[in-house]
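Enquirer: Got a structure for you, model_11.cif, holding mmCIF, C-alpha atoms.
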data_data
loop_
_atom_site.label_atom_id
_atom_site.label_comp_id
_atom_site.auth_asym_id
_atom_site.auth_seq_id
_atom_site.Cartn_x
_atom_site.Cartn_y
_atom_site.Cartn_z
CA MET M 189 -9.21 -1.26 -3.87
CA LEU M 190 -6.23 -3.28 -5.06
CA GLY M 191 -5.35 -6.05 -2.65
CA ALA M 192 -8.83 -5.66 -1.22
CA THR M 193 -8.67 -8.65 1.10
CA SER M 194 -5.72 -7.32 3.11
CA SER M 195 -6.52 -6.42 6.70
CA ILE M 196 -5.62 -2.76 6.22
CA ALA M 197 -7.70 -2.45 3.05
CA ILE M 198 -10.71 -4.03 4.73
CA ALA M 199 -10.46 -1.70 7.74
CA THR M 200 -10.16 1.31 5.45
CA MET M 201 -13.13 0.31 3.29
CA ARG M 202 -15.31 -0.30 6.32
CA ARG M 203 -14.69 3.31 7.34
CA LEU M 204 -15.50 4.53 3.84
CA ALA M 205 -18.65 2.45 3.33
CA GLY M 206 -21.75 4.58 2.99
CA PRO M 207 -24.83 5.22 0.84
CA SER M 208 -22.84 7.19 -1.77
CA THR M 209 -19.80 4.90 -1.94
CA ARG M 210 -19.10 2.60 -4.89
CA PHE M 211 -16.32 0.04 -4.59
CA MET M 212 -14.36 -2.07 -7.03
CA LEU M 213 -12.49 -4.78 -5.11
CA VAL M 214 -9.56 -6.63 -6.64
CA ALA M 215 -7.84 -9.66 -5.08
CA ARG M 216 -6.94 -13.23 -5.96
CA ASN M 217 -8.96 -15.18 -3.37
CA SER M 218 -12.51 -15.44 -4.75
CA ASN M 219 -14.17 -16.66 -1.54
CA ARG M 220 -12.50 -14.05 0.61
CA LEU M 221 -13.32 -11.34 -1.92
CA THR M 222 -17.00 -12.30 -1.91
CA ALA M 223 -17.10 -12.19 1.89
CA VAL M 224 -15.53 -8.72 1.97
CA ALA M 225 -17.96 -7.46 -0.68
CA GLN M 226 -20.97 -8.77 1.26
CA ASP M 227 -19.67 -7.14 4.43
CA LEU M 228 -19.42 -3.74 2.70
CA VAL M 229 -22.94 -4.03 1.31
CA THR M 230 -24.19 -4.84 4.81
CA ARG M 231 -22.41 -1.73 6.06
CA GLY M 232 -24.33 0.44 3.60
CA ALA M 233 -22.15 0.73 0.49
CA LEU M 234 -24.10 1.82 -2.59
CA SER M 235 -22.50 -0.84 -4.81
CA VAL M 236 -19.62 -3.32 -4.66
CA ASP M 237 -18.07 -4.93 -7.74
CA THR M 238 -15.32 -7.53 -7.60
CA TRP M 239 -12.53 -8.70 -9.90
CA VAL M 240 -10.60 -11.87 -9.14
CA MET M 241 -6.98 -11.80 -10.29
CA ASP M 242 -3.40 -12.16 -9.16
CA LEU M 243 -1.96 -8.64 -9.25
CA ASP M 244 1.45 -10.10 -10.04
CA ASP M 245 0.10 -10.56 -13.57
CA THR M 246 0.91 -7.10 -14.92
CA THR M 247 -0.34 -7.96 -18.42
CA ALA M 248 -3.88 -8.17 -17.03
CA HIS M 249 -3.77 -4.78 -15.28
CA PRO M 250 -5.09 -2.59 -18.16
CA GLU M 251 -8.19 -4.72 -18.74
CA MET M 252 -9.02 -4.75 -15.03
CA LEU M 253 -8.49 -1.00 -14.59
CA GLU M 254 -10.47 -0.12 -17.71
CA SER M 255 -13.31 -2.29 -16.41
CA ALA M 256 -13.14 -0.44 -13.07
CA VAL M 257 -13.65 2.89 -14.85
CA GLN M 258 -16.61 1.47 -16.79
CA ARG M 259 -18.24 0.06 -13.68
CA LEU M 260 -17.60 3.01 -11.39
CA HIS M 261 -17.87 5.71 -14.10
CA ARG M 262 -15.13 7.63 -12.31
CA ILE M 263 -12.34 6.65 -9.91
CA ASP M 264 -11.73 9.18 -7.15
CA LEU M 265 -9.57 7.05 -4.85
CA ALA M 266 -7.32 4.10 -5.56
CA LEU M 267 -5.74 2.30 -2.61
CA ILE M 268 -2.95 -0.12 -3.48
CA ALA M 269 -2.67 -2.51 -0.57
CA HIS M 270 -1.24 -5.72 -2.00
CA GLY M 271 2.22 -6.97 -1.08
CA VAL M 272 4.28 -9.70 0.55
CA LEU M 273 6.73 -9.72 3.41
CA GLY M 274 8.61 -12.68 1.96
CA ASP M 275 11.26 -14.89 3.51
CA GLN M 276 14.41 -12.84 4.08
CA HIS M 277 16.67 -15.83 4.70
CA ALA M 278 15.42 -17.67 1.61
CA ALA M 279 15.87 -14.49 -0.45
CA GLU M 280 19.47 -14.21 0.73
CA MET M 281 20.16 -17.70 -0.60
CA ASP M 282 18.10 -17.66 -3.80
CA PHE M 283 17.83 -14.77 -6.24
CA GLU M 284 14.52 -16.08 -7.60
CA VAL M 285 12.96 -15.71 -4.17
CA ALA M 286 14.28 -12.16 -3.89
CA ALA M 287 13.08 -11.34 -7.40
CA ALA M 288 9.57 -12.56 -6.56
CA ILE M 289 9.40 -10.23 -3.56
CA LEU M 290 10.63 -7.31 -5.65
CA HIS M 291 8.15 -8.11 -8.42
CA THR M 292 5.11 -8.17 -6.13
CA ASN M 293 6.00 -5.18 -3.99
CA PHE M 294 7.60 -2.96 -6.62
CA ILE M 295 7.22 -4.01 -10.26
CA SER M 296 3.54 -4.95 -10.15
CA THR M 297 2.78 -1.82 -8.12
CA VAL M 298 4.63 0.36 -10.64
CA SER M 299 2.45 -1.14 -13.38
CA LEU M 300 -0.69 -0.12 -11.48
CA LEU M 301 0.70 3.30 -10.64
CA THR M 302 1.64 4.04 -14.23
CA TRP M 303 -1.89 3.38 -15.49
CA LEU M 304 -3.62 5.08 -12.57
CA GLY M 305 -1.24 8.05 -12.55
CA ASN M 306 -2.01 8.75 -16.20
CA TYR M 307 -5.74 8.26 -15.59
CA PHE M 308 -5.83 10.72 -12.68
CA GLN M 309 -3.63 13.20 -14.52
CA THR M 310 -6.04 13.20 -17.47
CA GLN M 311 -8.96 13.48 -15.06
CA ARG M 312 -7.12 16.30 -13.25
CA GLY M 313 -7.99 14.98 -9.82
CA GLY M 314 -8.09 11.98 -7.54
CA THR M 315 -6.09 10.27 -4.83
CA LEU M 316 -3.52 7.52 -5.28
CA ALA M 317 -2.83 6.01 -1.86
CA VAL M 318 -0.15 3.34 -1.67
CA ILE M 319 0.81 1.20 1.30
CA SER M 320 4.59 1.14 1.58
CA SER M 321 6.48 0.57 4.85
CA VAL M 322 8.93 2.16 7.27
CA ALA M 323 11.21 -0.71 6.22
CA GLY M 324 11.95 1.23 3.05
CA ASP M 325 13.62 4.08 4.94
CA ARG M 326 16.84 2.19 5.69
CA GLY M 327 18.09 -1.27 4.84
CA ARG M 328 18.43 -3.60 7.83
CA LYS M 329 19.77 -7.14 7.96
CA SER M 330 16.48 -8.55 9.19
CA ASN M 331 14.42 -7.54 6.14
CA TYR M 332 16.50 -5.73 3.55
CA VAL M 333 14.96 -7.46 0.51
CA TYR M 334 11.47 -6.42 1.59
CA GLY M 335 12.88 -3.03 2.59
CA ALA M 336 14.52 -2.59 -0.81
CA SER M 337 11.20 -3.22 -2.57
CA LYS M 338 9.53 -0.58 -0.43
CA GLY M 339 12.45 1.85 -0.68
CA ALA M 340 12.31 1.69 -4.47
CA LEU M 341 8.55 2.17 -4.30
CA ASN M 342 8.99 5.28 -2.13
CA VAL M 343 11.36 6.85 -4.67
CA PHE M 344 8.97 6.05 -7.52
CA LEU M 345 6.09 7.66 -5.61
CA ASP M 346 8.21 10.76 -4.91
CA GLY M 347 8.82 11.18 -8.62
CA LEU M 348 5.23 10.46 -9.61
CA ARG M 349 4.01 13.00 -7.06
CA ASN M 350 6.43 15.59 -8.41
CA ARG M 351 5.00 14.99 -11.88
CA ILE M 352 1.23 14.94 -11.28
CA ASP M 353 0.55 16.81 -8.03
CA ARG M 354 0.35 20.02 -10.09
CA ASP M 355 -2.57 18.45 -11.96
CA GLY M 356 -4.59 18.14 -8.77
CA VAL M 357 -3.67 14.51 -8.02
CA GLN M 358 -2.74 13.49 -4.49
CA VAL M 359 -0.07 10.80 -4.34
CA LEU M 360 0.06 9.48 -0.78
CA THR M 361 2.85 7.24 0.48
CA ILE M 362 1.64 5.32 3.53
CA LYS M 363 4.38 4.03 5.83
CA PRO M 364 3.06 1.73 8.53
CA GLY M 365 5.33 0.21 11.14
CA PHE M 366 4.40 -3.13 12.70
CA VAL M 367 0.75 -4.00 12.08
CA ALA M 368 -1.08 -6.97 13.58
CA THR M 369 -2.07 -8.78 10.38
CA PRO M 370 -1.71 -12.34 9.06
CA MET M 371 1.50 -11.18 7.35
CA THR M 372 3.13 -10.54 10.73
CA ALA M 373 1.47 -13.36 12.68
CA HIS M 374 4.85 -15.07 13.14
CA VAL M 375 6.42 -11.96 14.72
CA PRO M 376 6.19 -11.57 18.53
CA GLN M 377 3.95 -8.56 19.18
CA ASN M 378 4.89 -5.63 21.39
CA ALA M 379 3.73 -2.10 22.18
CA LEU M 380 4.83 -0.84 18.74
CA PHE M 381 2.22 -2.96 16.94
CA ALA M 382 -0.86 -1.16 15.60
CA SER M 383 -4.21 -2.63 14.64
CA PRO M 384 -5.42 -2.45 11.02
CA ASP M 385 -8.13 -0.03 12.14
CA GLN M 386 -5.54 2.33 13.65
CA VAL M 387 -3.72 2.33 10.33
CA ALA M 388 -6.99 2.88 8.46
CA ARG M 389 -7.76 5.93 10.58
CA GLY M 390 -4.30 7.31 9.82
CA ILE M 391 -4.77 6.72 6.09
CA LEU M 392 -8.09 8.51 5.93
CA LYS M 393 -6.80 11.41 8.00
CA ALA M 394 -3.82 11.76 5.63
CA ILE M 395 -6.12 11.70 2.60
CA GLU M 396 -8.38 14.34 4.15
CA ARG M 397 -5.39 16.57 4.91
CA ARG M 398 -3.82 15.90 1.49
CA ARG M 399 -0.56 14.67 2.97
CA ASP M 400 2.26 13.44 0.75
CA VAL M 401 3.65 10.92 3.25
CA ALA M 402 1.96 9.42 6.30
CA TYR M 403 3.76 7.42 8.98
CA VAL M 404 1.14 5.33 10.77
CA PRO M 405 1.00 5.44 13.68
CA TRP M 406 2.64 8.88 13.76
CA PHE M 407 5.45 7.93 16.19
CA TRP M 408 7.19 5.91 13.46
CA LEU M 409 8.32 9.19 11.93
CA TRP M 410 10.47 9.86 14.99
CA ILE M 411 11.65 6.26 15.28
CA MET M 412 12.79 6.16 11.67
CA THR M 413 14.34 9.62 11.88
CA LEU M 414 16.54 8.28 14.67
CA VAL M 415 17.30 5.05 12.80
CA CYS M 416 18.31 6.97 9.68
CA ALA M 417 20.51 9.32 11.73
CA ILE M 418 22.76 6.50 13.01
CA PRO M 419 26.16 6.78 11.27
CA GLY M 420 26.86 4.03 8.78
CA SER M 421 30.07 3.00 10.56
CA ARG M 422 28.04 2.20 13.65
CA PHE M 423 24.86 1.00 11.94
CA LYS M 424 26.59 -1.83 10.09
CA LYS M 425 27.58 -3.40 13.43
CA MET M 426 24.07 -3.33 14.86
CA ASN M 427 21.57 -6.19 14.85
CA MET M 428 18.38 -4.71 13.44
#
Using structure tokens, write down the structure from this file.
Expert:
Amino acid sequence: MLGATSSIAIATMRRLAGPSTRFMLVARNSNRLTAVAQDLVTRGALSVDTWVMDLDDTTAHPEMLESAVQRLHRIDLALIAHGVLGDQHAAEMDFEVAAAILHTNFISTVSLLTWLGNYFQTQRGGTLAVISSVAGDRGRKSNYVYGASKGALNVFLDGLRNRIDRDGVQVLTIKPGFVATPMTAHVPQNALFASPDQVARGILKAIERRRDVAYVPWFWLWIMTLVCAIPGSRFKKMNM
């Protein structure tokens, strides 16, 4: 689990924990990582290994992933759950801020996907599940830098899926809407917000059904279909 201390990752792992489940947890906060690992052991996981690192450091990805294979013997599911919302206003004013958002959400994820995609293709099986966002479906003034990072990620996943699905590899693009996590703590909550556990249920259902794309909760598919259908001449005048 990459970004294993995120709320969605934790909720998903809790649902997966069982006497035959082995985990490799990767995140940058050592104390938080240890707490999550202990929780999974308490919930019945067979084994839980941890690796402390900042996933922005792409040069360290191969060593970490090779170690995961050695420890687990085989990877059947990789969930990429790390990312940042970032400060849209600051990113509008400073390219370096925008570049940092793009690096975390897109470039570092592409590094992981490249290694894991090749691993699963050679293995001829496995599931690559990646948390993207509905924000990547259409650029909006309120979060277009974050949305651009997720939109680029969606296109990359489409191409990767087209390449390795025929080898028995599921590439799942997960598109949550608003989720009540520390990342969105500053955003006033409304009826559209889902809990991390709701999203986790949607992820596992999509994996079980071998979906390519999962909007979670499901109603975001219809919301974003409507948003994307608004003509550009009208959309550019809207405050979204």
Enquirer: For this structure, which residues satisfy the selection - the PyMOL selection byres ((chain M and resi 380) around 10) - when it is evaluated on the file as given? I want them as a PDB file with C-alpha atoms, in the frame of the given file.
Expert:
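part-v3.pdb, written as the output of this step:
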ATOM      1  CA  GLY M 365       5.330   0.210  11.140  1.00  0.00           C
ATOM      2  CA  PHE M 366       4.400  -3.130  12.700  1.00  0.00           C
ATOM      3  CA  VAL M 367       0.750  -4.000  12.080  1.00  0.00           C
ATOM      4  CA  ALA M 368      -1.080  -6.970  13.580  1.00  0.00           C
ATOM      5  CA  GLN M 377       3.950  -8.560  19.180  1.00  0.00           C
ATOM      6  CA  ASN M 378       4.890  -5.630  21.390  1.00  0.00           C
ATOM      7  CA  ALA M 379       3.730  -2.100  22.180  1.00  0.00           C
ATOM      8  CA  PHE M 381       2.220  -2.960  16.940  1.00  0.00           C
ATOM      9  CA  ALA M 382      -0.860  -1.160  15.600  1.00  0.00           C
ATOM     10  CA  PRO M 405       1.000   5.440  13.680  1.00  0.00           C
ATOM     11  CA  PHE M 407       5.450   7.930  16.190  1.00  0.00           C
ATOM     12  CA  TRP M 408       7.190   5.910  13.460  1.00  0.00           C
TER      13      TRP M 408
END
Enquirer: Once 3 Å is added on each side, what centre and edge lengths in Å to one decimal does the axis-aligned box around all listed atoms of stretch 292-303 of chain M have, as AutoDock Vina command-line options?
Expert:
--center_x 2.9 --center_y -2.1 --center_z -9.7 --size_x 15.5 --size_y 18.2 --size_z 17.5
Enquirer: With all atoms listed in the file as the atoms that count, which of M:Lys363, M:Arg389, M:Lys338, M:Arg312 lies nearest to M:Val401?
Expert: M:Lys363
Enquirer: What gap, in Å, lies between atom CA of M:Ile352 and atom CA of M:Gly305?
Expert: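 So the two atoms, atom CA of M:Ile352 and atom CA of M:Gly305, lie 7.4 Å apart.
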Enquirer: Might you pull out every residue within 10 Å of M:Gly274, with only C-alpha atoms counted and same-chain residues fewer than 2 positions away left off, and present them as a ChimeraX atom specification?
Expert: /M:271-272,276-279,285-286,288-290,292-293,331,333-334,371
Enquirer: Excluding M:Phe344 and any residue of its chain fewer than 5 positions from it, enumerate the residues within 9 Å of it, using all atoms listed in the file, and give them as a list in words.
Expert: Val298, Gly339 and Arg349 of chain M
Enquirer: Please report the interatomic distance between atom CA of M:Leu316 and atom CA of M:Leu273 in Å with one decimal.
Expert: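 Answer for the atom CA of M:Leu316 to atom CA of M:Leu273 separation: 21.9 Å.
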Enquirer: Please evaluate the PyMOL selection byres ((chain M and resi 340) around 12) against the structure above and give the resulting residues as an NGL selection string.
Expert: :M and (290-291 or 293-295 or 297-298 or 320-321 or 323-327 or 332-339 or 341-347)
Enquirer: As an exercise, work out the distance from atom CA of M:Arg231 to atom CA of M:Ala197 in Å and give it to one decimal place.
Expert: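 If I compute the distance from atom CA of M:Arg231 to atom CA of M:Ala197, I get 15.0 Å.
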Enquirer: Which polymer residues have any atom within 12 Å of an atom of M:Arg351, counting only C-alpha atoms, with same-chain residues fewer than 6 positions away left out, as number ranges by chain?
Expert: M: 302, 305-306, 308-309, 344-345, 357-359
Enquirer: Tell me which residues the PyMOL selection byres ((chain M and resi 235-243) around 6) grabs here, as number ranges by chain.
Expert: M: 210-216, 218, 225, 233-234, 244-245
Enquirer: Using only C-alpha atoms, which residues sit within 9 Å of M:Leu265 once same-chain residues fewer than 5 positions away are excluded, as a short mmCIF file (atom, residue, chain, number, x, y, z; two decimals) with C-alpha atoms, in the coordinates of the input?
Expert:
data_model
loop_
_atom_site.label_atom_id
_atom_site.label_comp_id
_atom_site.auth_asym_id
_atom_site.auth_seq_id
_atom_site.Cartn_x
_atom_site.Cartn_y
_atom_site.Cartn_z
CA MET M 189 -9.21 -1.26 -3.87
CA GLY M 314 -8.09 11.98 -7.54
CA THR M 315 -6.09 10.27 -4.83
CA LEU M 316 -3.52 7.52 -5.28
CA ALA M 317 -2.83 6.01 -1.86
#
Enquirer: Identify, on the basis of only C-alpha atoms, every residue whose closest approach to stretch 390-393 of chain M does not exceed 8 Å; exclude the query and any residue fewer than 2 positions from it along the same chain; express the result as a PyMOL selection string.
Expert: chain M and resi 200+362+386-388+395-397+402+404-405
Enquirer: Which one is closest to M:Pro384: M:Thr369, M:Asn217, M:Thr193, M:Gln226? Count all atoms listed in the file.
Expert: M:Thr369
Enquirer: Kindly indicate which residue among M:Phe283, M:Ile268, M:Leu304, M:Met428 lies nearest to M:Ile196, using only C-alpha atoms for the distances.
Expert: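 Closest residue, counting only C-alpha atoms: M:Ile268.
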Enquirer: Determine the nearest neighbour of M:Lys329 from the options M:Glu280, M:Ala205, M:Ala248, M:Met412, counting only C-alpha atoms.
Expert: M:Glu280
Enquirer: Pick from M:Leu228, M:Leu348, M:Val322, M:Leu301: nearest to M:Met201, with all atoms listed in the file counted?
Expert: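 Nearest candidate to M:Met201 out of M:Leu228, M:Leu348, M:Val322, M:Leu301: M:Leu228.
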Enquirer: N, CA, C and O atoms are what I want for stretch 246-269 of chain M; can you complete it accordingly and write them as a PDB file, in the frame of the given file?
Expert:
ATOM      1  N   THR M 246       0.988  -8.491 -14.450  1.00  0.00           N
ATOM      2  CA  THR M 246       0.910  -7.100 -14.920  1.00  0.00           C
ATOM      3  C   THR M 246       0.236  -6.975 -16.283  1.00  0.00           C
ATOM      4  O   THR M 246      -0.332  -5.931 -16.592  1.00  0.00           O
ATOM      5  N   THR M 247       0.282  -8.032 -17.092  1.00  0.00           N
ATOM      6  CA  THR M 247      -0.340  -7.960 -18.420  1.00  0.00           C
ATOM      7  C   THR M 247      -1.857  -7.816 -18.329  1.00  0.00           C
ATOM      8  O   THR M 247      -2.491  -7.336 -19.268  1.00  0.00           O
ATOM      9  N   ALA M 248      -2.422  -8.238 -17.207  1.00  0.00           N
ATOM     10  CA  ALA M 248      -3.880  -8.170 -17.030  1.00  0.00           C
ATOM     11  C   ALA M 248      -4.333  -6.870 -16.370  1.00  0.00           C
ATOM     12  O   ALA M 248      -5.536  -6.652 -16.215  1.00  0.00           O
ATOM     13  N   HIS M 249      -3.399  -6.013 -15.976  1.00  0.00           N
ATOM     14  CA  HIS M 249      -3.770  -4.780 -15.280  1.00  0.00           C
ATOM     15  C   HIS M 249      -4.636  -3.836 -16.132  1.00  0.00           C
ATOM     16  O   HIS M 249      -5.660  -3.334 -15.638  1.00  0.00           O
ATOM     17  N   PRO M 250      -4.270  -3.547 -17.392  1.00  0.00           N
ATOM     18  CA  PRO M 250      -5.090  -2.590 -18.160  1.00  0.00           C
ATOM     19  C   PRO M 250      -6.550  -3.000 -18.291  1.00  0.00           C
ATOM     20  O   PRO M 250      -7.450  -2.170 -18.120  1.00  0.00           O
ATOM     21  N   GLU M 251      -6.806  -4.266 -18.596  1.00  0.00           N
ATOM     22  CA  GLU M 251      -8.190  -4.720 -18.740  1.00  0.00           C
ATOM     23  C   GLU M 251      -8.970  -4.529 -17.445  1.00  0.00           C
ATOM     24  O   GLU M 251     -10.118  -4.060 -17.452  1.00  0.00           O
ATOM     25  N   MET M 252      -8.344  -4.877 -16.313  1.00  0.00           N
ATOM     26  CA  MET M 252      -9.020  -4.750 -15.030  1.00  0.00           C
ATOM     27  C   MET M 252      -9.296  -3.283 -14.708  1.00  0.00           C
ATOM     28  O   MET M 252     -10.401  -2.919 -14.264  1.00  0.00           O
ATOM     29  N   LEU M 253      -8.333  -2.411 -14.936  1.00  0.00           N
ATOM     30  CA  LEU M 253      -8.490  -1.000 -14.590  1.00  0.00           C
ATOM     31  C   LEU M 253      -9.496  -0.314 -15.522  1.00  0.00           C
ATOM     32  O   LEU M 253     -10.286   0.532 -15.077  1.00  0.00           O
ATOM     33  N   GLU M 254      -9.480  -0.666 -16.782  1.00  0.00           N
ATOM     34  CA  GLU M 254     -10.470  -0.120 -17.710  1.00  0.00           C
ATOM     35  C   GLU M 254     -11.877  -0.556 -17.315  1.00  0.00           C
ATOM     36  O   GLU M 254     -12.832   0.227 -17.409  1.00  0.00           O
ATOM     37  N   SER M 255     -12.009  -1.798 -16.870  1.00  0.00           N
ATOM     38  CA  SER M 255     -13.310  -2.290 -16.410  1.00  0.00           C
ATOM     39  C   SER M 255     -13.759  -1.524 -15.165  1.00  0.00           C
ATOM     40  O   SER M 255     -14.945  -1.223 -15.005  1.00  0.00           O
ATOM     41  N   ALA M 256     -12.799  -1.202 -14.275  1.00  0.00           N
ATOM     42  CA  ALA M 256     -13.140  -0.440 -13.070  1.00  0.00           C
ATOM     43  C   ALA M 256     -13.725   0.919 -13.426  1.00  0.00           C
ATOM     44  O   ALA M 256     -14.709   1.363 -12.823  1.00  0.00           O
ATOM     45  N   VAL M 257     -13.140   1.583 -14.423  1.00  0.00           N
ATOM     46  CA  VAL M 257     -13.650   2.890 -14.850  1.00  0.00           C
ATOM     47  C   VAL M 257     -15.067   2.736 -15.418  1.00  0.00           C
ATOM     48  O   VAL M 257     -15.959   3.547 -15.129  1.00  0.00           O
ATOM     49  N   GLN M 258     -15.292   1.696 -16.211  1.00  0.00           N
ATOM     50  CA  GLN M 258     -16.610   1.470 -16.790  1.00  0.00           C
ATOM     51  C   GLN M 258     -17.656   1.198 -15.716  1.00  0.00           C
ATOM     52  O   GLN M 258     -18.784   1.700 -15.780  1.00  0.00           O
ATOM     53  N   ARG M 259     -17.280   0.422 -14.726  1.00  0.00           N
ATOM     54  CA  ARG M 259     -18.240   0.060 -13.680  1.00  0.00           C
ATOM     55  C   ARG M 259     -18.511   1.204 -12.719  1.00  0.00           C
ATOM     56  O   ARG M 259     -19.654   1.402 -12.278  1.00  0.00           O
ATOM     57  N   LEU M 260     -17.469   1.946 -12.379  1.00  0.00           N
ATOM     58  CA  LEU M 260     -17.600   3.010 -11.390  1.00  0.00           C
ATOM     59  C   LEU M 260     -17.924   4.362 -12.026  1.00  0.00           C
ATOM     60  O   LEU M 260     -18.318   5.294 -11.332  1.00  0.00           O
ATOM     61  N   HIS M 261     -17.687   4.474 -13.343  1.00  0.00           N
ATOM     62  CA  HIS M 261     -17.870   5.710 -14.100  1.00  0.00           C
ATOM     63  C   HIS M 261     -16.736   6.712 -13.849  1.00  0.00           C
ATOM     64  O   HIS M 261     -16.336   7.438 -14.752  1.00  0.00           O
ATOM     65  N   ARG M 262     -16.238   6.738 -12.646  1.00  0.00           N
ATOM     66  CA  ARG M 262     -15.130   7.630 -12.310  1.00  0.00           C
ATOM     67  C   ARG M 262     -14.433   7.064 -11.074  1.00  0.00           C
ATOM     68  O   ARG M 262     -15.093   6.615 -10.130  1.00  0.00           O
ATOM     69  N   ILE M 263     -13.111   7.079 -11.080  1.00  0.00           N
ATOM     70  CA  ILE M 263     -12.340   6.650  -9.910  1.00  0.00           C
ATOM     71  C   ILE M 263     -11.830   7.897  -9.199  1.00  0.00           C
ATOM     72  O   ILE M 263     -11.136   8.726  -9.792  1.00  0.00           O
ATOM     73  N   ASP M 264     -12.195   8.047  -7.952  1.00  0.00           N
ATOM     74  CA  ASP M 264     -11.730   9.180  -7.150  1.00  0.00           C
ATOM     75  C   ASP M 264     -10.600   8.797  -6.204  1.00  0.00           C
ATOM     76  O   ASP M 264      -9.783   9.641  -5.842  1.00  0.00           O
ATOM     77  N   LEU M 265     -10.589   7.532  -5.781  1.00  0.00           N
ATOM     78  CA  LEU M 265      -9.570   7.050  -4.850  1.00  0.00           C
ATOM     79  C   LEU M 265      -9.155   5.647  -5.244  1.00  0.00           C
ATOM     80  O   LEU M 265     -10.005   4.776  -5.461  1.00  0.00           O
ATOM     81  N   ALA M 266      -7.860   5.443  -5.350  1.00  0.00           N
ATOM     82  CA  ALA M 266      -7.320   4.100  -5.560  1.00  0.00           C
ATOM     83  C   ALA M 266      -6.361   3.804  -4.412  1.00  0.00           C
ATOM     84  O   ALA M 266      -5.402   4.555  -4.189  1.00  0.00           O
ATOM     85  N   LEU M 267      -6.627   2.740  -3.691  1.00  0.00           N
ATOM     86  CA  LEU M 267      -5.740   2.300  -2.610  1.00  0.00           C
ATOM     87  C   LEU M 267      -5.057   1.019  -3.050  1.00  0.00           C
ATOM     88  O   LEU M 267      -5.709   0.021  -3.339  1.00  0.00           O
ATOM     89  N   ILE M 268      -3.731   1.065  -3.120  1.00  0.00           N
ATOM     90  CA  ILE M 268      -2.950  -0.120  -3.480  1.00  0.00           C
ATOM     91  C   ILE M 268      -2.435  -0.730  -2.194  1.00  0.00           C
ATOM     92  O   ILE M 268      -1.601  -0.147  -1.500  1.00  0.00           O
ATOM     93  N   ALA M 269      -2.942  -1.913  -1.878  1.00  0.00           N
ATOM     94  CA  ALA M 269      -2.670  -2.510  -0.570  1.00  0.00           C
ATOM     95  C   ALA M 269      -2.120  -3.928  -0.677  1.00  0.00           C
ATOM     96  O   ALA M 269      -2.052  -4.637   0.321  1.00  0.00           O
TER      97      ALA M 269
END
